[in-house]
Amino acid sequence: MCGRFTRMYTWRELVRLYRLTDPSPPSNLQPRYNICPTTTIDAVIERDSKRVMEQMRWGLVPGWWNKPLKELRLATFNARAETVAEKPFFRSALKHTRCLIPASGYYEWQTVGKEKQPYYFTRRDGQIITIAGLWSEWTNPETGKPQNTCTMIITEPNKFVAGIHDRMPVILEEKQFDAWLDDSAIPVSLVKLLKPTGERTLVCHPVSKRVNSSRADSDDATLIGPIGN
């Protein structure tokens with residue numbers, strides 16, 4: 001699964017990569033080194049044939065969910081590629097509301113005995129990692145206010161990632177963005193995109209076990225620093 005990631009990109013990089021139409025950067029686009037599920041993250045969607053970036057809760061809540069959020073017991077920050085087209089929580093979003101989730105890097109854990117060693121993954125070329133995502137607009141029954149929520153799609157690992165973990169996020173390349181955001185695309189064609197990325201796309205290094213805690217300071221840049229094996 002992918003349950004923690006980072007953000008160090010700039011607004012200029014986002015506009016260039018995703019061809020965003022809004023020239024004005026958000027006021028809160030600050031580096032974050034420990035982004036956790038249920039917090040607010042960036043997601044790129046297509047609205048009225050224009051690409052825009054919106055803020056969403058990381059953890060999808062389908063529009064039909066009519067109970068308080070605290071009663072949602074499932075972990076919905078990841079959706080498995082193998083079952084996303086059938087699962088009630090995700091199948092409608094796969095058909096109608098897909099998004100691109102930018103990340104500078106993400107953490108994954110290798111289990112060694114009773115210990116869990118975190119590793120930090122980034123692109124070998126230093127570019128933004130673009131993760132295939134789904135989103136949904138949900139109305140909170142307690143407040144009556146709408147809220148956008150999203151999830152990352154995960155798949156089986158390539159051989160490189162398999163040395164650390166048994167899952168990895170679906171990473172899309174720029175040439176695949178149009179197909180993923182295409183309103184007319186059918187799920188069968190979309191599922192074909194949900195494959196492991198190439199063996200040389202990513203690099204990784206071990207980092208401090210301080211990141212094992214979701215309470216680790218999101219402003220702490222040292223969390224991504226390499227440590228000795």
# chains A, B, ... in the order shown; residues from 1 in each chain; ligands from 1
>>> residues_around(residues="Ala179 (chain A)", least_positions_apart="5", cutoff="12 Å", atoms="only C-alpha atoms", output="ChimeraX atom specification")
/A:46,98-100,132,172-174,184-187,189-194
>>> write_last_selection(atoms="N, CA and C atoms", output="PDB file, in the first residue's frame")
ATOM      1  N   GLU A  46     -10.196  17.058 -14.247  1.00  0.00           N
ATOM      2  CA  GLU A  46     -10.633  17.787 -15.431  1.00  0.00           C
ATOM      3  C   GLU A  46     -12.064  18.239 -15.202  1.00  0.00           C
ATOM      4  N   ARG A  98     -12.039  10.388 -12.154  1.00  0.00           N
ATOM      5  CA  ARG A  98     -10.651   9.986 -11.956  1.00  0.00           C
ATOM      6  C   ARG A  98      -9.774  11.222 -11.789  1.00  0.00           C
ATOM      7  N   CYS A  99      -8.648  11.056 -11.138  1.00  0.00           N
ATOM      8  CA  CYS A  99      -7.773  12.197 -10.886  1.00  0.00           C
ATOM      9  C   CYS A  99      -6.316  11.772 -10.952  1.00  0.00           C
ATOM     10  N   LEU A 100      -5.443  12.761 -10.966  1.00  0.00           N
ATOM     11  CA  LEU A 100      -3.999  12.558 -10.904  1.00  0.00           C
ATOM     12  C   LEU A 100      -3.520  13.118  -9.576  1.00  0.00           C
ATOM     13  N   ALA A 132      -2.120   7.396 -10.175  1.00  0.00           N
ATOM     14  CA  ALA A 132      -3.506   7.277 -10.643  1.00  0.00           C
ATOM     15  C   ALA A 132      -4.436   7.316  -9.442  1.00  0.00           C
ATOM     16  N   LEU A 172       1.613   6.926 -13.369  1.00  0.00           N
ATOM     17  CA  LEU A 172       1.297   7.246 -14.753  1.00  0.00           C
ATOM     18  C   LEU A 172       2.350   8.181 -15.336  1.00  0.00           C
ATOM     19  N   GLU A 173       2.627   8.008 -16.617  1.00  0.00           N
ATOM     20  CA  GLU A 173       3.524   8.903 -17.339  1.00  0.00           C
ATOM     21  C   GLU A 173       2.692   9.979 -18.040  1.00  0.00           C
ATOM     22  N   GLU A 174       3.336  11.070 -18.408  1.00  0.00           N
ATOM     23  CA  GLU A 174       2.623  12.209 -18.977  1.00  0.00           C
ATOM     24  C   GLU A 174       1.787  11.824 -20.190  1.00  0.00           C
ATOM     25  N   SER A 184     -14.884   9.941 -21.589  1.00  0.00           N
ATOM     26  CA  SER A 184     -15.531   8.920 -22.402  1.00  0.00           C
ATOM     27  C   SER A 184     -14.868   7.551 -22.294  1.00  0.00           C
ATOM     28  N   ALA A 185     -13.779   7.464 -21.540  1.00  0.00           N
ATOM     29  CA  ALA A 185     -13.069   6.189 -21.421  1.00  0.00           C
ATOM     30  C   ALA A 185     -13.916   5.159 -20.692  1.00  0.00           C
ATOM     31  N   ILE A 186     -13.780   3.908 -21.100  1.00  0.00           N
ATOM     32  CA  ILE A 186     -14.522   2.832 -20.446  1.00  0.00           C
ATOM     33  C   ILE A 186     -13.595   2.088 -19.490  1.00  0.00           C
ATOM     34  N   PRO A 187     -14.157   1.549 -18.382  1.00  0.00           N
ATOM     35  CA  PRO A 187     -13.316   0.894 -17.367  1.00  0.00           C
ATOM     36  C   PRO A 187     -12.357  -0.160 -17.901  1.00  0.00           C
ATOM     37  N   SER A 189     -10.711  -0.292 -20.697  1.00  0.00           N
ATOM     38  CA  SER A 189      -9.506   0.330 -21.239  1.00  0.00           C
ATOM     39  C   SER A 189      -8.676   0.979 -20.144  1.00  0.00           C
ATOM     40  N   LEU A 190      -9.331   1.484 -19.103  1.00  0.00           N
ATOM     41  CA  LEU A 190      -8.627   2.145 -18.005  1.00  0.00           C
ATOM     42  C   LEU A 190      -7.825   1.145 -17.180  1.00  0.00           C
ATOM     43  N   VAL A 191      -8.396  -0.028 -16.960  1.00  0.00           N
ATOM     44  CA  VAL A 191      -7.719  -1.041 -16.150  1.00  0.00           C
ATOM     45  C   VAL A 191      -6.384  -1.422 -16.781  1.00  0.00           C
ATOM     46  N   LYS A 192      -6.277  -1.321 -18.090  1.00  0.00           N
ATOM     47  CA  LYS A 192      -5.028  -1.653 -18.771  1.00  0.00           C
ATOM     48  C   LYS A 192      -3.890  -0.705 -18.381  1.00  0.00           C
ATOM     49  N   LEU A 193      -4.240   0.459 -17.864  1.00  0.00           N
ATOM     50  CA  LEU A 193      -3.226   1.421 -17.436  1.00  0.00           C
ATOM     51  C   LEU A 193      -2.700   1.125 -16.030  1.00  0.00           C
ATOM     52  N   LEU A 194      -3.400   0.270 -15.307  1.00  0.00           N
ATOM     53  CA  LEU A 194      -3.098   0.062 -13.889  1.00  0.00           C
ATOM     54  C   LEU A 194      -2.038  -1.027 -13.694  1.00  0.00           C
TER      55      LEU A 194
END
>>> closest_atom_pairs(of="region 68-176 of chain A", to="region 28-41 of chain A", cutoff="10 Å", atoms="only C-alpha atoms", output="Markdown table")
| residue | atom | partner | partner_atom | distance |
| --- | --- | --- | --- | --- |
| A:Ala75 | CA | A:Pro37 | CA | 8.9 |
| A:Thr76 | CA | A:Pro37 | CA | 8.8 |
| A:Phe77 | CA | A:Pro37 | CA | 6.1 |
| A:Asn78 | CA | A:Pro37 | CA | 9.3 |
| A:Ile101 | CA | A:Ile41 | CA | 8.2 |
| A:Pro102 | CA | A:Ile41 | CA | 9.0 |
| A:Ala103 | CA | A:Ile41 | CA | 9.6 |
| A:Ser104 | CA | A:Tyr33 | CA | 9.2 |
| A:Gly105 | CA | A:Tyr33 | CA | 9.0 |
| A:Tyr106 | CA | A:Asn34 | CA | 8.9 |
| A:Tyr107 | CA | A:Asn34 | CA | 8.9 |
| A:Asn148 | CA | A:Thr40 | CA | 9.6 |
| A:Thr149 | CA | A:Thr40 | CA | 8.7 |
| A:Cys150 | CA | A:Ile41 | CA | 8.8 |
| A:Thr151 | CA | A:Pro37 | CA | 9.3 |
>>> closest_residue(among="A:Met152, A:Leu14, A:Ile131, A:Val203", to="Ala79 (chain A)", atoms="only C-alpha atoms")
A:Met152
>>> residues_around(residues="Lys195 (chain A)", least_positions_apart="5", cutoff="12 Å", atoms="only C-alpha atoms", output="JSON, numbers by chain")
{"A": [80, 81, 82, 131, 132, 153, 154, 155, 156, 157, 158, 167, 168, 169, 170, 171, 172, 173, 190]}
>>> select_by_dssp(residues="region 8-39 of chain A", states="helix (DSSP H, G or I)", output="PyMOL selection string")
chain A and resi 11-18
>>> residues_around(residues="Leu20 (chain A)", least_positions_apart="6", cutoff="9 Å", atoms="only C-alpha atoms", output="list of chain:residue names")
A:Leu14, A:Val44, A:Lys50, A:Arg51, A:Val52, A:Met53
>>> write_last_selection(atoms="N, CA and C atoms", output="compact mmCIF listing (two decimals), in the first residue's frame")
# COMPACT_ATOMS: atom_id res chain seq x y z
N LEU A 14 3.87 22.08 -11.42
CA LEU A 14 2.54 21.50 -11.60
C LEU A 14 1.86 22.02 -12.86
N VAL A 44 -5.35 16.58 -9.22
CA VAL A 44 -5.64 17.23 -10.50
C VAL A 44 -6.82 16.53 -11.15
N LYS A 50 -11.14 21.59 -18.69
CA LYS A 50 -9.95 22.28 -18.21
C LYS A 50 -9.38 21.54 -17.01
N ARG A 51 -8.06 21.46 -16.96
CA ARG A 51 -7.42 20.79 -15.83
C ARG A 51 -7.18 21.77 -14.70
N VAL A 52 -7.64 21.37 -13.51
CA VAL A 52 -7.48 22.21 -12.33
C VAL A 52 -6.99 21.36 -11.18
N MET A 53 -6.35 21.99 -10.22
CA MET A 53 -5.92 21.28 -9.02
C MET A 53 -6.86 21.64 -7.88
>>> atom_distance(atom1="CA of Lys145 (chain A)", atom2="CA of Val15 (chain A)")
29.0 Å
>>> residues_around(residues="Gln110 (chain A)", least_positions_apart="2", cutoff="12 Å", atoms="only C-alpha atoms", output="PyMOL selection string")
chain A and resi 1+107-108+112-120+161-167+204-207+209+212
>>> closest_residue(among="A:Phe121, A:Trp135, A:Trp11, A:Phe5", to="Pro62 (chain A)", atoms="only C-alpha atoms")
A:Trp135
>>> select_by_dssp(residues="region 190-229 of chain A", states="strand (DSSP E)", output="list of chain:residue names")
A:Leu202, A:Val203, A:Cys204, A:His205, A:Pro206
>>> residues_around(residues="Thr139 (chain A)", least_positions_apart="4", cutoff="8 Å", atoms="only C-alpha atoms", output="list in words")
Gly63, Asn66, Gly144, Lys145, Pro146 and Gln147 of chain A
>>> write_last_selection(atoms="N, CA and C atoms", output="compact mmCIF listing (two decimals), in the first residue's frame")
# COMPACT_ATOMS: atom_id res chain seq x y z
N GLY A 63 -20.16 9.07 -2.90
CA GLY A 63 -21.25 10.02 -2.77
C GLY A 63 -22.49 9.44 -2.11
N ASN A 66 -24.17 7.80 3.46
CA ASN A 66 -25.05 8.73 4.16
C ASN A 66 -24.94 8.68 5.68
N GLY A 144 -23.96 19.02 6.35
CA GLY A 144 -24.63 19.42 5.12
C GLY A 144 -23.69 20.00 4.09
N LYS A 145 -22.39 19.99 4.36
CA LYS A 145 -21.41 20.59 3.47
C LYS A 145 -20.78 19.53 2.56
N PRO A 146 -20.58 19.85 1.28
CA PRO A 146 -19.92 18.91 0.37
C PRO A 146 -18.41 18.90 0.61
N GLN A 147 -17.81 17.76 0.34
CA GLN A 147 -16.37 17.61 0.52
C GLN A 147 -15.83 16.68 -0.57
>>> closest_residue(among="A:Arg200, A:Arg19, A:Arg57, A:Arg210", to="Leu134 (chain A)", atoms="only C-alpha atoms")
A:Arg57
